>>> print(open('coords01.txt').read())   # compact mmCIF, C-alpha atoms and all ligand atoms
# COMPACT_ATOMS: atom_id res chain seq x y z
CA MET A 14 27.11 -12.28 -20.67
CA LYS A 15 24.13 -13.26 -22.79
CA ILE A 16 22.17 -16.48 -22.83
CA ARG A 17 19.99 -17.77 -25.61
CA LEU A 18 16.68 -19.54 -24.91
CA HIS A 19 14.85 -20.81 -27.99
CA ASP A 20 14.98 -17.83 -30.39
CA LEU A 21 15.63 -15.01 -27.87
CA ASN A 22 18.63 -13.52 -26.08
CA PHE A 23 18.56 -12.56 -22.41
CA VAL A 24 20.98 -10.46 -20.34
CA PRO A 25 21.52 -10.45 -16.53
CA LEU A 26 19.20 -8.25 -14.46
CA ILE A 27 19.36 -9.45 -10.82
CA SER A 28 22.25 -11.59 -9.58
CA GLU A 29 21.98 -14.75 -7.53
CA GLU A 30 23.64 -12.92 -4.63
CA GLU A 31 21.13 -10.04 -4.73
CA VAL A 32 18.28 -12.55 -4.80
CA ARG A 33 19.69 -14.43 -1.81
CA ARG A 34 20.07 -11.24 0.24
CA ARG A 35 16.58 -10.00 -0.56
CA ILE A 36 14.88 -13.33 0.20
CA SER A 37 16.56 -13.37 3.59
CA GLU A 38 15.11 -9.90 4.28
CA LEU A 39 11.65 -11.02 3.16
CA GLY A 40 11.84 -14.09 5.43
CA ASN A 41 12.68 -11.86 8.39
CA GLU A 42 9.92 -9.41 7.51
CA LEU A 43 7.37 -12.23 7.39
CA PHE A 44 8.64 -13.60 10.68
CA VAL A 45 8.13 -10.18 12.29
CA ARG A 46 4.55 -10.12 10.99
CA LEU A 47 3.53 -13.74 11.57
CA GLY A 48 6.17 -15.38 13.78
CA ASP A 49 4.13 -17.59 16.13
CA LYS A 50 0.95 -17.83 14.06
CA ASN A 51 1.68 -20.97 12.03
CA PRO A 52 0.98 -19.29 8.67
CA LEU A 53 -0.09 -21.26 5.63
CA PHE A 54 2.07 -20.43 2.61
CA ILE A 55 0.01 -20.88 -0.58
CA VAL A 56 2.44 -21.24 -3.47
CA VAL A 57 1.23 -20.35 -6.97
CA LEU A 58 2.66 -22.92 -9.40
CA ASN A 59 4.66 -23.25 -11.51
CA GLY A 60 6.69 -20.05 -11.45
CA ALA A 61 6.89 -19.51 -7.68
CA PHE A 62 8.40 -22.91 -6.81
CA MET A 63 11.97 -21.64 -6.39
CA PHE A 64 11.01 -18.42 -4.59
CA ALA A 65 8.81 -20.43 -2.21
CA ALA A 66 11.54 -22.98 -1.48
CA ASP A 67 13.96 -20.22 -0.46
CA LEU A 68 11.35 -18.06 1.29
CA VAL A 69 10.14 -20.78 3.67
CA ARG A 70 13.74 -21.65 4.52
CA ALA A 71 14.30 -17.98 5.39
CA TYR A 72 11.21 -18.09 7.63
CA ASN A 73 12.45 -19.20 11.04
CA ALA A 74 9.29 -20.57 12.62
CA PRO A 75 6.77 -23.37 12.06
CA CYS A 76 4.59 -22.93 8.98
CA GLU A 77 2.60 -25.02 6.52
CA MET A 78 2.56 -25.08 2.72
CA ALA A 79 -0.09 -25.62 0.06
CA PHE A 80 0.15 -25.37 -3.72
CA VAL A 81 -2.30 -24.01 -6.28
CA ARG A 82 -2.32 -23.67 -10.00
CA LEU A 83 -4.14 -20.64 -11.40
CA SER A 84 -4.93 -19.82 -14.97
CA SER A 85 -6.63 -16.78 -16.34
CA TYR A 86 -8.05 -16.25 -19.75
CA SER A 87 -10.53 -13.93 -21.40
CA GLY A 88 -13.81 -14.17 -23.14
CA THR A 89 -15.87 -16.87 -21.45
CA THR A 90 -17.77 -14.94 -18.81
CA SER A 91 -19.39 -11.57 -18.64
CA SER A 92 -16.42 -10.31 -16.63
CA GLY A 93 -14.14 -11.40 -19.42
CA THR A 94 -11.88 -13.28 -17.04
CA VAL A 95 -11.96 -16.78 -15.64
CA THR A 96 -9.56 -17.92 -12.99
CA THR A 97 -9.43 -21.55 -12.00
CA SER A 98 -7.57 -22.98 -9.10
CA ALA A 99 -6.72 -26.54 -8.28
CA GLY A 100 -5.11 -28.16 -5.32
CA LEU A 101 -6.24 -26.04 -2.37
CA ASN A 102 -7.73 -28.68 -0.08
CA THR A 103 -6.78 -27.09 3.22
CA ASP A 104 -9.42 -25.30 5.29
CA ILE A 105 -8.22 -21.71 5.43
CA ALA A 106 -10.89 -20.20 7.72
CA GLY A 107 -9.13 -18.45 10.59
CA ARG A 108 -5.67 -19.13 9.12
CA HIS A 109 -2.95 -16.57 8.41
CA ILE A 110 -2.27 -16.93 4.69
CA VAL A 111 0.88 -15.95 2.80
CA ILE A 112 0.38 -16.06 -0.95
CA VAL A 113 3.65 -16.71 -2.76
CA GLU A 114 3.65 -15.52 -6.38
CA ASP A 115 6.48 -15.29 -8.90
CA ILE A 116 5.55 -12.01 -10.57
CA VAL A 117 2.66 -9.56 -10.55
CA ASP A 118 2.29 -8.10 -14.01
CA THR A 119 -1.25 -6.83 -14.76
CA GLY A 120 -2.59 -8.43 -11.55
CA ARG A 121 -5.20 -10.37 -13.52
CA THR A 122 -4.15 -13.81 -12.31
CA LEU A 123 -4.38 -12.97 -8.63
CA HIS A 124 -7.30 -10.63 -8.26
CA VAL A 125 -10.06 -13.24 -8.65
CA PHE A 126 -8.16 -15.71 -6.47
CA LEU A 127 -7.83 -13.05 -3.75
CA ASP A 128 -11.59 -12.46 -3.85
CA THR A 129 -12.20 -16.20 -3.56
CA LEU A 130 -9.83 -16.45 -0.61
CA ALA A 131 -11.43 -13.50 1.15
CA GLY A 132 -14.74 -15.38 0.98
CA CYS A 133 -13.18 -18.26 2.97
CA GLN A 134 -12.63 -16.02 6.00
CA PRO A 135 -8.89 -16.32 6.62
CA ALA A 136 -7.53 -14.42 9.64
CA SER A 137 -5.18 -12.48 7.35
CA VAL A 138 -3.76 -12.56 3.83
CA THR A 139 -0.23 -11.37 3.01
CA LEU A 140 0.55 -11.24 -0.68
CA THR A 141 4.24 -11.77 -1.38
CA ALA A 142 5.56 -11.41 -4.93
CA PHE A 143 9.14 -12.07 -5.95
CA LEU A 144 8.86 -9.49 -8.76
CA ARG A 145 6.43 -6.73 -9.58
CA LYS A 146 6.04 -4.60 -12.69
CA PRO A 147 4.37 -1.48 -11.27
CA GLU A 148 3.90 0.10 -14.71
CA ALA A 149 1.96 -2.93 -15.95
CA GLN A 150 -0.49 -3.34 -13.08
CA ILE A 151 -4.11 -2.87 -14.13
CA PHE A 152 -6.12 -4.86 -11.60
CA PRO A 153 -6.36 -3.33 -8.11
CA ILE A 154 -4.51 -5.75 -5.87
CA GLN A 155 -2.24 -4.85 -2.99
CA VAL A 156 1.14 -6.55 -2.97
CA ASP A 157 2.25 -6.51 0.68
CA LEU A 158 5.84 -7.68 0.20
CA THR A 159 7.84 -7.43 -3.01
CA GLY A 160 11.26 -8.84 -3.77
CA PHE A 161 12.07 -6.41 -6.55
CA ASP A 162 10.19 -3.83 -8.61
CA ILE A 163 11.25 -4.11 -12.25
CA GLU A 164 10.57 -2.41 -15.54
CA ASN A 165 7.80 -3.62 -17.79
CA LYS A 166 10.04 -6.07 -19.70
CA PHE A 167 9.93 -9.84 -20.09
CA VAL A 168 12.14 -11.71 -17.61
CA VAL A 169 13.16 -15.32 -16.98
CA GLY A 170 15.00 -17.20 -14.27
CA TYR A 171 14.51 -18.13 -10.62
CA GLY A 172 11.39 -20.14 -11.54
CA LEU A 173 10.19 -17.97 -14.43
CA ASP A 174 10.29 -19.46 -17.92
CA TYR A 175 10.26 -18.60 -21.57
CA ASP A 176 8.35 -21.47 -23.16
CA GLN A 177 9.56 -23.78 -20.34
CA LEU A 178 13.23 -22.79 -20.55
CA GLY A 179 15.05 -20.59 -18.05
CA ARG A 180 13.37 -21.70 -14.83
CA ASN A 181 16.60 -23.15 -13.42
CA LEU A 182 18.64 -19.93 -13.72
CA PRO A 183 19.65 -18.85 -10.19
CA GLY A 184 19.18 -15.12 -10.90
CA VAL A 185 16.87 -13.03 -13.10
CA TRP A 186 17.56 -12.34 -16.78
CA VAL A 187 15.79 -9.83 -19.01
CA LEU A 188 15.01 -9.94 -22.69
CA GLU A 189 17.75 -8.16 -24.59
CA SER A 190 16.50 -4.93 -26.11
CA GLN A 191 16.84 -4.42 -29.85
CA SER A 192 19.53 -1.78 -29.36
CA GLU A 193 21.90 -4.12 -27.44
P1 LIG B 201 -0.64 -11.07 -14.47
O1 LIG B 201 -1.85 -11.92 -14.30
O2 LIG B 201 -0.26 -10.32 -13.21
O3 LIG B 201 -0.71 -10.17 -15.67
O4 LIG B 201 0.56 -12.04 -14.83
C1 LIG B 201 1.08 -12.89 -13.90
C2 LIG B 201 1.64 -14.13 -14.54
O5 LIG B 201 2.10 -13.89 -15.88
C3 LIG B 201 2.85 -14.55 -13.75
O6 LIG B 201 2.49 -15.43 -12.71
C4 LIG B 201 3.72 -15.18 -14.81
O7 LIG B 201 3.38 -16.53 -14.94
C5 LIG B 201 3.37 -14.45 -16.09
N1 LIG B 201 4.33 -13.35 -16.36
C6 LIG B 201 4.10 -12.02 -16.29
N2 LIG B 201 5.21 -11.32 -16.60
C7 LIG B 201 6.17 -12.23 -16.90
C8 LIG B 201 7.55 -12.12 -17.29
O8 LIG B 201 8.15 -11.05 -17.45
N3 LIG B 201 8.21 -13.31 -17.48
C9 LIG B 201 7.62 -14.52 -17.32
N4 LIG B 201 8.37 -15.60 -17.55
N5 LIG B 201 6.32 -14.66 -16.96
C10 LIG B 201 5.61 -13.53 -16.74
>>> encode(input="coords01.txt", output="structure tokens")
Amino acid sequence: MKIRLHDLNFVPLISEEEVRRRISELGNELFVRLGDKNPLFIVVLNGAFMFAADLVRAYNAPCEMAFVRLSSYSGTTSSGTVTTSAGLNTDIAGRHIVIVEDIVDTGRTLHVFLDTLAGCQPASVTLTAFLRKPEAQIFPIQVDLTGFDIENKFVVGYGLDYDQLGRNLPGVWVLESQSE
């Protein structure tokens, strides 16, 4: 079954059922790592909102949540990359942090933020990404927990959008290739 968003067609990649099963595993894995440590989940908006909502419900122990918005763009500093964050008002020194990201593509968005966080002396940082495109990663960041590794193709659904559409799809859909 295809769906059309704006001018593009998408086909199913990961079903709602597969997503549900995997998130439950990730919740258990995080519980094993951080069970009684009251971790702070830092959710990267907008794309990770749905992943985060399911992940914290799969995490069976007390935890806290905070939300940040990151944007990266090129050309305004000598490094060529600027990342801004807004909304992180919680003191994270000594805290166990779980970063919740929708998808790690090149790694550009997260690598500056991870450096900034490291400077705030958290007790630990666990980077959790719903999706990862291993072929696309350029910046050296370590993703500790991944929902699914996928090919280097554009996807929507489960929080991820194409020009604001597609976020409400319960599974993941991939851009139809020209041959289909
Ligand atoms: P990176 O900085 O790792 O290259 O890209 C990460 C951000 O780019 C993600 O948080 C997401 O917002 C966006 N992104 C990367 N790949 C995709 C994709 O396949 N689909 C959608 N909808 N967004 C993507």
>>> residues_near_ligand(input="coords01.txt", ligand="ligand LIG 201 (chain B)", cutoff="6 Å", atoms="all atoms listed in the file", output="ChimeraX atom specification")
/A:60,115-122,166-169,173-175
>>> write_last_selection(input="coords01.txt", atoms="C-alpha atoms", output="compact mmCIF listing (two decimals), in the frame of the given file")
# COMPACT_ATOMS: atom_id res chain seq x y z
CA GLY A 60 6.69 -20.05 -11.45
CA ASP A 115 6.48 -15.29 -8.90
CA ILE A 116 5.55 -12.01 -10.57
CA VAL A 117 2.66 -9.56 -10.55
CA ASP A 118 2.29 -8.10 -14.01
CA THR A 119 -1.25 -6.83 -14.76
CA GLY A 120 -2.59 -8.43 -11.55
CA ARG A 121 -5.20 -10.37 -13.52
CA THR A 122 -4.15 -13.81 -12.31
CA LYS A 166 10.04 -6.07 -19.70
CA PHE A 167 9.93 -9.84 -20.09
CA VAL A 168 12.14 -11.71 -17.61
CA VAL A 169 13.16 -15.32 -16.98
CA LEU A 173 10.19 -17.97 -14.43
CA ASP A 174 10.29 -19.46 -17.92
CA TYR A 175 10.26 -18.60 -21.57
>>> atom_distance(input="coords01.txt", atom1="CA of Val185 (chain A)", atom2="CA of Glu164 (chain A)")
12.6 Å
>>> atom_distance(input="coords01.txt", atom1="CA of Val32 (chain A)", atom2="CA of Gly184 (chain A)")
6.7 Å
>>> residues_around(input="coords01.txt", residues="region 19-30 of chain A", least_positions_apart="5", cutoff="9 Å", atoms="only C-alpha atoms", output="JSON, numbers by chain")
{"A": [14, 35, 161, 168, 169, 171, 175, 176, 178, 182, 183, 184, 185, 186, 187, 188, 189, 190]}
>>> closest_residue(input="coords01.txt", among="A:Leu43, A:Ile110, A:Ala71, A:Ala131", to="Val56 (chain A)", atoms="all atoms listed in the file")
A:Ile110
>>> closest_residue(input="coords01.txt", among="A:Val81, A:Leu123, A:Leu158, A:Leu130", to="Phe143 (chain A)", atoms="only C-alpha atoms")
A:Leu158
>>> atom_distance(input="coords01.txt", atom1="CA of Glu148 (chain A)", atom2="CA of Val125 (chain A)")
20.2 Å
>>> residues_near_point(input="coords01.txt", point="(-1.3, -22.8, 2.3)", cutoff="8 Å", atoms="all atoms listed in the file", output="JSON, numbers by chain")
{"A": [52, 53, 54, 55, 56, 77, 78, 79, 80, 101, 103, 105, 110, 111, 112]}
>>> build_atoms(input="coords01.txt", residues="region 16-28 of chain A", atoms="N, CA, C and O atoms", output="CSV table (one decimal), keeping the file's coordinate frame")
chain,number,residue,atom,x,y,z
A,16,ILE,N,22.5,-15.1,-22.6
A,16,ILE,CA,22.2,-16.5,-22.8
A,16,ILE,C,21.1,-16.5,-23.9
A,16,ILE,O,20.3,-15.5,-24.0
A,17,ARG,N,21.0,-17.6,-24.6
A,17,ARG,CA,20.0,-17.8,-25.6
A,17,ARG,C,19.0,-18.9,-25.2
A,17,ARG,O,19.4,-20.0,-24.9
A,18,LEU,N,17.7,-18.5,-25.2
A,18,LEU,CA,16.7,-19.5,-24.9
A,18,LEU,C,15.7,-19.6,-26.1
A,18,LEU,O,15.2,-18.5,-26.5
A,19,HIS,N,15.6,-20.7,-26.7
A,19,HIS,CA,14.8,-20.8,-28.0
A,19,HIS,C,15.4,-19.8,-29.0
A,19,HIS,O,16.6,-19.8,-29.2
A,20,ASP,N,14.6,-18.8,-29.4
A,20,ASP,CA,15.0,-17.8,-30.4
A,20,ASP,C,15.4,-16.5,-29.8
A,20,ASP,O,15.6,-15.5,-30.6
A,21,LEU,N,15.4,-16.3,-28.5
A,21,LEU,CA,15.6,-15.0,-27.9
A,21,LEU,C,16.9,-14.9,-27.0
A,21,LEU,O,17.3,-15.9,-26.4
A,22,ASN,N,17.5,-13.8,-26.9
A,22,ASN,CA,18.6,-13.5,-26.1
A,22,ASN,C,18.2,-12.8,-24.8
A,22,ASN,O,17.4,-11.9,-24.8
A,23,PHE,N,18.8,-13.2,-23.7
A,23,PHE,CA,18.6,-12.6,-22.4
A,23,PHE,C,19.9,-12.1,-21.8
A,23,PHE,O,20.9,-12.7,-22.0
A,24,VAL,N,19.8,-11.0,-21.0
A,24,VAL,CA,21.0,-10.5,-20.3
A,24,VAL,C,20.7,-10.4,-18.8
A,24,VAL,O,19.5,-10.3,-18.4
A,25,PRO,N,21.7,-10.4,-18.0
A,25,PRO,CA,21.5,-10.4,-16.5
A,25,PRO,C,20.8,-9.2,-16.0
A,25,PRO,O,21.1,-8.1,-16.5
A,26,LEU,N,19.9,-9.4,-15.1
A,26,LEU,CA,19.2,-8.2,-14.5
A,26,LEU,C,19.4,-8.2,-12.9
A,26,LEU,O,19.8,-7.2,-12.4
A,27,ILE,N,19.2,-9.4,-12.3
A,27,ILE,CA,19.4,-9.4,-10.8
A,27,ILE,C,20.2,-10.7,-10.5
A,27,ILE,O,19.9,-11.8,-11.0
A,28,SER,N,21.3,-10.5,-9.8
A,28,SER,CA,22.2,-11.6,-9.6
A,28,SER,C,21.7,-12.6,-8.5
A,28,SER,O,20.9,-12.2,-7.7
